[in-house]
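Raw start_31.pdb, PDB, C-alpha atoms:
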```pdb
ATOM      1  CA  GLY A   1      -1.979  17.225  12.819  1.00  0.00           C
ATOM      2  CA  ALA A   2      -4.833  17.109  10.357  1.00  0.00           C
ATOM      3  CA  GLY A   3      -4.389  15.261   7.113  1.00  0.00           C
ATOM      4  CA  VAL A   4      -5.532  16.193   3.641  1.00  0.00           C
ATOM      5  CA  SER A   5      -9.258  16.736   3.462  1.00  0.00           C
ATOM      6  CA  GLN A   6     -11.522  16.802   0.434  1.00  0.00           C
ATOM      7  CA  SER A   7     -15.104  17.832  -0.062  1.00  0.00           C
ATOM      8  CA  PRO A   8     -17.629  16.726  -0.956  1.00  0.00           C
ATOM      9  CA  SER A   9     -17.082  13.031  -0.333  1.00  0.00           C
ATOM     10  CA  ASN A  10     -19.579  12.164  -3.019  1.00  0.00           C
ATOM     11  CA  LYS A  11     -21.115  14.190  -5.803  1.00  0.00           C
ATOM     12  CA  VAL A  12     -23.858  13.159  -8.178  1.00  0.00           C
ATOM     13  CA  THR A  13     -24.553  15.539 -11.018  1.00  0.00           C
ATOM     14  CA  GLU A  14     -26.316  15.631 -14.323  1.00  0.00           C
ATOM     15  CA  LYS A  15     -24.486  15.665 -17.604  1.00  0.00           C
ATOM     16  CA  GLY A  16     -23.720  19.223 -18.661  1.00  0.00           C
ATOM     17  CA  LYS A  17     -23.598  20.701 -15.179  1.00  0.00           C
ATOM     18  CA  ASP A  18     -20.487  22.234 -13.635  1.00  0.00           C
ATOM     19  CA  VAL A  19     -18.914  20.799 -10.470  1.00  0.00           C
ATOM     20  CA  GLU A  20     -16.360  22.129  -8.049  1.00  0.00           C
ATOM     21  CA  LEU A  21     -14.212  19.885  -5.884  1.00  0.00           C
ATOM     22  CA  ARG A  22     -12.246  21.159  -2.925  1.00  0.00           C
ATOM     23  CA  CYS A  23      -8.976  20.087  -1.355  1.00  0.00           C
ATOM     24  CA  ASP A  24      -7.427  21.285   1.895  1.00  0.00           C
ATOM     25  CA  PRO A  25      -3.793  20.189   2.039  1.00  0.00           C
ATOM     26  CA  ILE A  26      -1.691  19.617   5.106  1.00  0.00           C
ATOM     27  CA  SER A  27      -0.648  22.947   6.580  1.00  0.00           C
ATOM     28  CA  GLY A  28       2.833  23.925   5.461  1.00  0.00           C
ATOM     29  CA  HIS A  29       2.910  21.670   2.425  1.00  0.00           C
ATOM     30  CA  THR A  30       3.913  23.701  -0.579  1.00  0.00           C
ATOM     31  CA  ALA A  31       3.074  21.116  -3.213  1.00  0.00           C
ATOM     32  CA  LEU A  32      -0.389  19.932  -4.181  1.00  0.00           C
ATOM     33  CA  TYR A  33      -1.451  17.348  -6.755  1.00  0.00           C
ATOM     34  CA  TRP A  34      -4.769  16.359  -8.274  1.00  0.00           C
ATOM     35  CA  TYR A  35      -5.293  12.870  -9.681  1.00  0.00           C
ATOM     36  CA  ARG A  36      -8.191  11.060 -11.290  1.00  0.00           C
ATOM     37  CA  GLN A  37      -8.855   7.411 -10.564  1.00  0.00           C
ATOM     38  CA  ARG A  38     -11.309   5.692 -12.850  1.00  0.00           C
ATOM     39  CA  LEU A  39     -12.889   2.462 -11.706  1.00  0.00           C
ATOM     40  CA  GLY A  40     -10.346  -0.341 -11.742  1.00  0.00           C
ATOM     41  CA  GLN A  41      -7.562   1.870 -12.985  1.00  0.00           C
ATOM     42  CA  GLY A  42      -4.508   3.558 -11.579  1.00  0.00           C
ATOM     43  CA  LEU A  43      -4.037   7.189 -10.725  1.00  0.00           C
ATOM     44  CA  GLU A  44      -3.987   9.611 -13.608  1.00  0.00           C
ATOM     45  CA  PHE A  45      -2.061  12.829 -12.955  1.00  0.00           C
ATOM     46  CA  LEU A  46      -4.096  15.978 -13.613  1.00  0.00           C
ATOM     47  CA  ILE A  47      -2.330  19.051 -12.240  1.00  0.00           C
ATOM     48  CA  TYR A  48       0.484  20.082  -9.883  1.00  0.00           C
ATOM     49  CA  PHE A  49       0.935  23.228  -7.823  1.00  0.00           C
ATOM     50  CA  GLN A  50       4.225  24.167  -6.174  1.00  0.00           C
ATOM     51  CA  GLY A  51       4.409  27.297  -4.087  1.00  0.00           C
ATOM     52  CA  ASN A  52       3.909  30.409  -6.169  1.00  0.00           C
ATOM     53  CA  SER A  53       5.157  28.826  -9.385  1.00  0.00           C
ATOM     54  CA  ALA A  54       2.907  28.427 -12.382  1.00  0.00           C
ATOM     55  CA  PRO A  55       1.036  25.133 -12.095  1.00  0.00           C
ATOM     56  CA  ASP A  56       1.840  22.199 -14.328  1.00  0.00           C
ATOM     57  CA  LYS A  57      -1.427  21.535 -16.140  1.00  0.00           C
ATOM     58  CA  SER A  58      -0.071  18.927 -18.509  1.00  0.00           C
ATOM     59  CA  GLY A  59      -2.396  16.204 -17.225  1.00  0.00           C
ATOM     60  CA  LEU A  60      -5.695  18.022 -17.607  1.00  0.00           C
ATOM     61  CA  PRO A  61      -7.703  15.978 -20.147  1.00  0.00           C
ATOM     62  CA  SER A  62      -9.590  18.863 -21.733  1.00  0.00           C
ATOM     63  CA  ASP A  63     -10.281  22.566 -21.408  1.00  0.00           C
ATOM     64  CA  ARG A  64     -13.369  21.700 -19.389  1.00  0.00           C
ATOM     65  CA  PHE A  65     -11.029  21.001 -16.488  1.00  0.00           C
ATOM     66  CA  SER A  66      -9.385  23.782 -14.497  1.00  0.00           C
ATOM     67  CA  ALA A  67      -7.912  24.198 -11.052  1.00  0.00           C
ATOM     68  CA  GLU A  68      -6.864  26.981  -8.772  1.00  0.00           C
ATOM     69  CA  ARG A  69      -4.922  27.201  -5.585  1.00  0.00           C
ATOM     70  CA  THR A  70      -4.937  30.063  -3.127  1.00  0.00           C
ATOM     71  CA  GLY A  71      -1.351  30.589  -2.049  1.00  0.00           C
ATOM     72  CA  GLU A  72      -0.192  27.407  -0.361  1.00  0.00           C
ATOM     73  CA  SER A  73      -3.651  26.603   0.890  1.00  0.00           C
ATOM     74  CA  VAL A  74      -6.913  25.288  -0.433  1.00  0.00           C
ATOM     75  CA  SER A  75      -7.316  24.166  -4.032  1.00  0.00           C
ATOM     76  CA  THR A  76     -10.425  23.740  -6.146  1.00  0.00           C
ATOM     77  CA  LEU A  77     -10.794  21.561  -9.212  1.00  0.00           C
ATOM     78  CA  THR A  78     -13.598  22.646 -11.514  1.00  0.00           C
ATOM     79  CA  ILE A  79     -15.122  20.529 -14.231  1.00  0.00           C
ATOM     80  CA  GLN A  80     -17.394  22.385 -16.609  1.00  0.00           C
ATOM     81  CA  ARG A  81     -20.124  20.810 -18.696  1.00  0.00           C
ATOM     82  CA  THR A  82     -19.571  17.424 -17.100  1.00  0.00           C
ATOM     83  CA  GLN A  83     -19.681  14.297 -19.225  1.00  0.00           C
ATOM     84  CA  GLN A  84     -20.349  10.724 -18.177  1.00  0.00           C
ATOM     85  CA  GLU A  85     -16.698   9.828 -18.782  1.00  0.00           C
ATOM     86  CA  ASP A  86     -15.782  12.295 -16.026  1.00  0.00           C
ATOM     87  CA  SER A  87     -17.215   9.861 -13.480  1.00  0.00           C
ATOM     88  CA  ALA A  88     -14.323   8.843 -11.271  1.00  0.00           C
ATOM     89  CA  VAL A  89     -12.732   9.381  -7.889  1.00  0.00           C
ATOM     90  CA  TYR A  90     -10.745  12.603  -7.754  1.00  0.00           C
ATOM     91  CA  LEU A  91      -7.838  12.431  -5.356  1.00  0.00           C
ATOM     92  CA  CYS A  92      -5.842  15.292  -3.940  1.00  0.00           C
ATOM     93  CA  ALA A  93      -2.400  14.908  -2.403  1.00  0.00           C
ATOM     94  CA  SER A  94       0.082  17.261  -0.817  1.00  0.00           C
ATOM     95  CA  SER A  95       3.778  17.027  -0.033  1.00  0.00           C
ATOM     96  CA  GLU A  96       6.273  19.176   1.793  1.00  0.00           C
ATOM     97  CA  ASP A  97       8.136  20.566  -1.174  1.00  0.00           C
ATOM     98  CA  GLY A  98       7.004  18.741  -4.282  1.00  0.00           C
ATOM     99  CA  GLY A  99      10.093  16.841  -5.315  1.00  0.00           C
ATOM    100  CA  SER A 100       9.401  13.390  -6.720  1.00  0.00           C
ATOM    101  CA  ARG A 101      11.153  11.747  -3.785  1.00  0.00           C
ATOM    102  CA  GLU A 102       8.743  13.331  -1.348  1.00  0.00           C
ATOM    103  CA  THR A 103       5.988  11.282   0.221  1.00  0.00           C
ATOM    104  CA  GLN A 104       2.592  12.346  -0.997  1.00  0.00           C
ATOM    105  CA  TYR A 105      -0.207  12.482   1.551  1.00  0.00           C
ATOM    106  CA  PHE A 106      -3.563  11.727   0.035  1.00  0.00           C
ATOM    107  CA  GLY A 107      -7.044  12.808   0.903  1.00  0.00           C
ATOM    108  CA  PRO A 108      -9.945  10.342   0.900  1.00  0.00           C
ATOM    109  CA  GLY A 109     -11.101  11.520  -2.497  1.00  0.00           C
ATOM    110  CA  THR A 110     -14.310  12.834  -4.027  1.00  0.00           C
ATOM    111  CA  ARG A 111     -16.382  10.258  -5.834  1.00  0.00           C
ATOM    112  CA  LEU A 112     -18.049  11.940  -8.808  1.00  0.00           C
ATOM    113  CA  LEU A 113     -20.918  10.345 -10.680  1.00  0.00           C
ATOM    114  CA  VAL A 114     -22.237  12.028 -13.785  1.00  0.00           C
ATOM    115  CA  LEU A 115     -25.664  10.798 -14.844  1.00  0.00           C
TER     116      LEU A 115
ATOM    117  CA  ALA B   1       9.023   7.776 -20.935  1.00  0.00           C
ATOM    118  CA  GLN B   2       8.817   6.211 -17.559  1.00  0.00           C
ATOM    119  CA  SER B   3       6.127   3.647 -16.854  1.00  0.00           C
ATOM    120  CA  VAL B   4       5.046   1.221 -14.166  1.00  0.00           C
ATOM    121  CA  THR B   5       3.537  -2.199 -14.698  1.00  0.00           C
ATOM    122  CA  GLN B   6       1.748  -4.237 -12.085  1.00  0.00           C
ATOM    123  CA  PRO B   7       1.062  -7.509 -13.886  1.00  0.00           C
ATOM    124  CA  ASP B   8      -1.520  -8.827 -11.444  1.00  0.00           C
ATOM    125  CA  ILE B   9      -4.888  -7.093 -11.381  1.00  0.00           C
ATOM    126  CA  HIS B  10      -5.912  -9.052  -8.309  1.00  0.00           C
ATOM    127  CA  ILE B  11      -4.437 -11.681  -6.022  1.00  0.00           C
ATOM    128  CA  THR B  12      -6.061 -13.898  -3.411  1.00  0.00           C
ATOM    129  CA  VAL B  13      -4.062 -15.337  -0.539  1.00  0.00           C
ATOM    130  CA  SER B  14      -5.004 -17.188   2.594  1.00  0.00           C
ATOM    131  CA  GLU B  15      -4.573 -15.479   5.915  1.00  0.00           C
ATOM    132  CA  GLY B  16      -1.147 -16.345   7.321  1.00  0.00           C
ATOM    133  CA  ALA B  17       0.317 -17.104   3.912  1.00  0.00           C
ATOM    134  CA  SER B  18       3.154 -15.139   2.363  1.00  0.00           C
ATOM    135  CA  LEU B  19       2.556 -12.451  -0.220  1.00  0.00           C
ATOM    136  CA  GLU B  20       4.482 -11.037  -3.136  1.00  0.00           C
ATOM    137  CA  LEU B  21       3.105  -8.275  -5.347  1.00  0.00           C
ATOM    138  CA  ARG B  22       4.999  -7.612  -8.543  1.00  0.00           C
ATOM    139  CA  CYS B  23       6.055  -4.269  -9.942  1.00  0.00           C
ATOM    140  CA  ASN B  24       8.177  -3.543 -12.989  1.00  0.00           C
ATOM    141  CA  TYR B  25       9.228  -0.107 -14.092  1.00  0.00           C
ATOM    142  CA  SER B  26      10.743   1.528 -17.105  1.00  0.00           C
ATOM    143  CA  TYR B  27      13.114   4.400 -16.508  1.00  0.00           C
ATOM    144  CA  GLY B  28      16.517   5.454 -17.799  1.00  0.00           C
ATOM    145  CA  ALA B  29      18.196   5.833 -14.447  1.00  0.00           C
ATOM    146  CA  THR B  30      17.558   4.611 -10.934  1.00  0.00           C
ATOM    147  CA  PRO B  31      14.175   6.045 -10.107  1.00  0.00           C
ATOM    148  CA  TYR B  32      12.536   6.798  -6.841  1.00  0.00           C
ATOM    149  CA  LEU B  33      10.250   3.855  -6.069  1.00  0.00           C
ATOM    150  CA  PHE B  34       7.216   3.712  -3.836  1.00  0.00           C
ATOM    151  CA  TRP B  35       4.510   1.379  -2.686  1.00  0.00           C
ATOM    152  CA  TYR B  36       1.209   2.857  -1.518  1.00  0.00           C
ATOM    153  CA  VAL B  37      -1.819   1.082  -0.092  1.00  0.00           C
ATOM    154  CA  GLN B  38      -5.426   2.153  -0.521  1.00  0.00           C
ATOM    155  CA  SER B  39      -7.825   0.639   1.971  1.00  0.00           C
ATOM    156  CA  PRO B  40     -11.555   0.745   1.214  1.00  0.00           C
ATOM    157  CA  GLY B  41     -12.917   4.253   1.580  1.00  0.00           C
ATOM    158  CA  GLN B  42      -9.554   5.734   2.416  1.00  0.00           C
ATOM    159  CA  GLY B  43      -6.851   7.665   0.658  1.00  0.00           C
ATOM    160  CA  LEU B  44      -3.551   6.195  -0.361  1.00  0.00           C
ATOM    161  CA  GLN B  45      -0.970   5.671   2.358  1.00  0.00           C
ATOM    162  CA  LEU B  46       2.750   5.216   1.846  1.00  0.00           C
ATOM    163  CA  LEU B  47       4.028   1.748   2.777  1.00  0.00           C
ATOM    164  CA  LEU B  48       7.684   2.221   1.860  1.00  0.00           C
ATOM    165  CA  LYS B  49      10.035   3.926  -0.548  1.00  0.00           C
ATOM    166  CA  TYR B  50      13.442   3.407  -2.127  1.00  0.00           C
ATOM    167  CA  PHE B  51      15.873   6.055  -3.301  1.00  0.00           C
ATOM    168  CA  SER B  52      19.330   4.500  -3.038  1.00  0.00           C
ATOM    169  CA  GLY B  53      21.520   2.298  -0.880  1.00  0.00           C
ATOM    170  CA  ASP B  54      20.351  -0.979   0.597  1.00  0.00           C
ATOM    171  CA  THR B  55      18.109  -2.600  -1.993  1.00  0.00           C
ATOM    172  CA  LEU B  56      15.880  -4.223   0.618  1.00  0.00           C
ATOM    173  CA  VAL B  57      13.656  -1.651   2.280  1.00  0.00           C
ATOM    174  CA  GLN B  58      11.389  -2.115   5.241  1.00  0.00           C
ATOM    175  CA  GLY B  59       8.055  -0.403   5.527  1.00  0.00           C
ATOM    176  CA  ILE B  60       5.088  -0.132   7.789  1.00  0.00           C
ATOM    177  CA  LYS B  61       2.721  -2.963   8.661  1.00  0.00           C
ATOM    178  CA  GLY B  62       5.433  -5.596   8.206  1.00  0.00           C
ATOM    179  CA  PHE B  63       5.917  -5.021   4.489  1.00  0.00           C
ATOM    180  CA  GLU B  64       9.236  -4.998   2.671  1.00  0.00           C
ATOM    181  CA  ALA B  65      10.300  -4.507  -0.923  1.00  0.00           C
ATOM    182  CA  GLU B  66      13.405  -5.326  -2.881  1.00  0.00           C
ATOM    183  CA  PHE B  67      14.847  -3.234  -5.684  1.00  0.00           C
ATOM    184  CA  LYS B  68      16.417  -5.331  -8.424  1.00  0.00           C
ATOM    185  CA  ARG B  69      18.067  -3.174 -11.034  1.00  0.00           C
ATOM    186  CA  SER B  70      18.789  -6.082 -13.384  1.00  0.00           C
ATOM    187  CA  GLN B  71      15.100  -6.947 -13.516  1.00  0.00           C
ATOM    188  CA  SER B  72      13.751  -3.386 -13.264  1.00  0.00           C
ATOM    189  CA  SER B  73      11.574  -4.637 -10.459  1.00  0.00           C
ATOM    190  CA  PHE B  74      10.468  -3.498  -7.045  1.00  0.00           C
ATOM    191  CA  ASN B  75       8.335  -6.303  -5.644  1.00  0.00           C
ATOM    192  CA  LEU B  76       6.455  -5.978  -2.382  1.00  0.00           C
ATOM    193  CA  ARG B  77       6.490  -8.813   0.101  1.00  0.00           C
ATOM    194  CA  LYS B  78       5.006  -9.781   3.430  1.00  0.00           C
ATOM    195  CA  PRO B  79       5.781 -13.062   5.202  1.00  0.00           C
ATOM    196  CA  SER B  80       2.359 -13.527   6.784  1.00  0.00           C
ATOM    197  CA  VAL B  81      -0.761 -11.785   5.543  1.00  0.00           C
ATOM    198  CA  HIS B  82      -3.489 -10.577   7.889  1.00  0.00           C
ATOM    199  CA  TRP B  83      -7.135 -10.105   6.921  1.00  0.00           C
ATOM    200  CA  SER B  84      -6.687  -6.361   7.435  1.00  0.00           C
ATOM    201  CA  ASP B  85      -4.174  -6.304   4.585  1.00  0.00           C
ATOM    202  CA  ALA B  86      -6.993  -6.674   2.068  1.00  0.00           C
ATOM    203  CA  ALA B  87      -6.705  -3.495   0.007  1.00  0.00           C
ATOM    204  CA  GLU B  88      -5.421  -2.141  -3.269  1.00  0.00           C
ATOM    205  CA  TYR B  89      -1.696  -1.720  -3.650  1.00  0.00           C
ATOM    206  CA  PHE B  90      -0.042   0.748  -5.989  1.00  0.00           C
ATOM    207  CA  CYS B  91       3.550   0.787  -7.119  1.00  0.00           C
ATOM    208  CA  ALA B  92       4.838   4.185  -8.177  1.00  0.00           C
ATOM    209  CA  VAL B  93       7.897   5.676  -9.834  1.00  0.00           C
ATOM    210  CA  GLY B  94       9.187   9.200  -9.375  1.00  0.00           C
ATOM    211  CA  ASN B  95      11.547  10.766 -11.877  1.00  0.00           C
ATOM    212  CA  THR B  96      14.753  11.986 -10.279  1.00  0.00           C
ATOM    213  CA  GLY B  97      15.012  15.741 -10.373  1.00  0.00           C
ATOM    214  CA  GLY B  98      11.359  16.246 -11.207  1.00  0.00           C
ATOM    215  CA  PHE B  99       8.046  16.263  -9.436  1.00  0.00           C
ATOM    216  CA  LYS B 100       5.911  13.709 -11.235  1.00  0.00           C
ATOM    217  CA  THR B 101       5.108  10.311  -9.825  1.00  0.00           C
ATOM    218  CA  ILE B 102       3.721   7.687 -12.159  1.00  0.00           C
ATOM    219  CA  PHE B 103       1.424   5.131 -10.577  1.00  0.00           C
ATOM    220  CA  GLY B 104       0.767   1.598 -11.689  1.00  0.00           C
ATOM    221  CA  ALA B 105      -2.766   0.353 -12.269  1.00  0.00           C
ATOM    222  CA  GLY B 106      -2.824  -1.326  -8.874  1.00  0.00           C
ATOM    223  CA  THR B 107      -3.190  -4.859  -7.545  1.00  0.00           C
ATOM    224  CA  ARG B 108      -6.200  -5.672  -5.453  1.00  0.00           C
ATOM    225  CA  LEU B 109      -5.425  -8.112  -2.641  1.00  0.00           C
ATOM    226  CA  PHE B 110      -8.103 -10.397  -1.302  1.00  0.00           C
ATOM    227  CA  VAL B 111      -7.445 -12.331   1.898  1.00  0.00           C
ATOM    228  CA  LYS B 112      -9.404 -15.492   2.600  1.00  0.00           C
ATOM    229  CA  ALA B 113      -9.849 -17.055   5.999  1.00  0.00           C
TER     230      ALA B 113
END
```
Now that the file is in, can you turn its structure into structure tokens?
Amino acid sequence: GAGVSQSPSNKVTEKGKDVELRCDPISGHTALYWYRQRLGQGLEFLIYFQGNSAPDKSGLPSDRFSAERTGESVSTLTIQRTQQEDSAVYLCASSEDGGSRETQYFGPGTRLLVL
Amino acid sequence: AQSVTQPDIHITVSEGASLELRCNYSYGATPYLFWYVQSPGQGLQLLLKYFSGDTLVQGIKGFEAEFKRSQSSFNLRKPSVHWSDAAEYFCAVGNTGGFKTIFGAGTRLFVKA
């Protein structure tokens, strides 16, 4: 079946603008993660959705970042008033039920460049 | 707090040579351990994982990893590297009973002819 998809693949924006990144998880996967990957660095956890439970937002770096998920389907990550330090690859992953022993399936990422 | 250290930022090996990528973790109990690979322009893909039992685990693409509790390590190995193995490799630790997975900073593998 289809894997995790993300759009857009690349996004160039001007400082101060808002951006919205989209993630379509694998159908049937109840858990969804967002990560940020800065150049040359590892993955930084941002937010976690599991079914209808309240999301774990403990990784969001500031209140400019927010995310939503519609049921167990598509998720959007919104960054308001973008800053140059927001430039990174944003990765989305989904897993069957969200436990830490589950394999995460990653999308190709959205490369964000803030000028 | 749990953490993952990959001491080598990048490694270069000749095609056909053996490979070992190092990973050390910090965690109070036996964690769930993973190796993922990120090829250029692609998302991360699971190579192998360890939860319990046999400490030597086999993965895809001819990779294996060994869990050593005494050294808090989970090193990735391959006996003979192919040019297509050039990629970035991430070691990760999952906390038992939770949902979070902590990723290391990654090791970029270069393969020379």
Residues returned when the PyMOL selection byres ((chain B and resi 51) around 8) runs on this file, as a ChimeraX atom specification: /A:101 /B:30-33,49-50,52-53
Selected residue of minimal separation from Ile102 (chain B) among A:Gly109, A:Phe45, A:Val12, A:Leu21, counting only C-alpha atoms: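 When distances to Ile102 (chain B) are compared using only C-alpha atoms, the smallest one comes from A:Phe45.
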Please tabulate, as a tab-separated table, the residues of chain B that come within 7 Å of chain A, each with its closest pair of atoms and the distance in Å to one decimal, counting all atoms listed in the file and ordering rows by chain, then residue number upward.
```
residue	atom	partner	partner_atom	distance
B:Tyr32	CA	A:Arg101	CA	6.0
B:Gly41	CA	A:Pro108	CA	6.8
B:Gln42	CA	A:Pro108	CA	4.9
B:Gly43	CA	A:Pro108	CA	4.1
B:Leu44	CA	A:Phe106	CA	5.5
B:Gln45	CA	A:Tyr105	CA	6.9
B:Gly94	CA	A:Ser100	CA	5.0
B:Asn95	CA	A:Ser100	CA	6.2
B:Thr96	CA	A:Ser100	CA	6.6
B:Gly98	CA	A:Ser100	CA	5.7
B:Phe99	CA	A:Ser100	CA	4.2
B:Lys100	CA	A:Ser100	CA	5.7
B:Thr101	CA	A:Ser100	CA	6.1
B:Phe103	CA	A:Leu43	CA	5.8
B:Gly104	CA	A:Gly42	CA	5.6
B:Ala105	CA	A:Gly42	CA	3.7
B:Gly106	CA	A:Gly42	CA	5.8
```
Pick from A:Ser7, A:Thr110, A:Ser87, A:Thr82 nearest to Leu39 (chain A), counting only C-alpha atoms: A:Ser87
Residues matched by the PyMOL selection byres ((chain B and resi 21) around 9), written as number ranges by chain: B: 6-8, 11, 19-20, 22-23, 74-77, 89, 107, 109
Residue IDs satisfying the PyMOL selection byres ((chain A and resi 96) around 6), as a PyMOL selection string: chain A and resi 29-30+95+97
Nearby residues, (-23.2, 13.9, -14.0) file frame, 6 Å, only C-alpha atoms, as a ChimeraX atom specification: /A:12-15,82,84,113-115
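Picture a line from CA of Gly62 (chain B) to CA of Asn24 (chain B); it runs 21.5 Å.
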Ser72 (chain B) environment, 7 Å, only C-alpha atoms, sequence neighbours closer than 3 positions dropped, as a list in words: Asn24, Tyr25, Ser26, Lys68 and Arg69 of chain B
Computed interatomic separation between CA of Ala92 (chain B) and CA of Gln2 (chain B) (Å): 10.4 Å
Residues near Arg108 (chain B), cut-off 6 Å, only C-alpha atoms, skip fewer than 2 positions along chain, as a list in words: His10, Ala87 and Glu88 of chain B
Gap from CA of Arg38 (chain A) to CA of Leu46 (chain B) - Å, one decimal: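 Computing the Euclidean distance for CA of Arg38 (chain A) and CA of Leu46 (chain B) yields 20.3 Å.
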Can you pull out the residues contacting Lys61 (chain B)? Cut-off 8 Å, using all atoms listed in the file, and skip same-chain residues under 2 positions away; I want them as a PDB file with C-alpha atoms, in the frame of the given file.
```pdb
ATOM      1  CA  LEU B  47       4.028   1.748   2.777  1.00  0.00           C
ATOM      2  CA  GLY B  59       8.055  -0.403   5.527  1.00  0.00           C
ATOM      3  CA  PHE B  63       5.917  -5.021   4.489  1.00  0.00           C
TER       4      PHE B  63
END
```
Distance criterion (only C-alpha atoms): nearest to Ser3 (chain B) out of B:Asp54, B:Ser70, B:Gly28, B:Leu48: B:Gly28
Test item: residues at most 9 Å from Lys57 (chain A), all atoms listed in the file, excluding those fewer than 2 positions along its chain, as a ChimeraX atom specification: /A:46-49,54-55,59-60,66-67
8 Å contact set for Glu68 (chain A), all atoms listed in the file, chain neighbours under 5 positions out, as a VMD selection string: chain A and resid 75 to 77
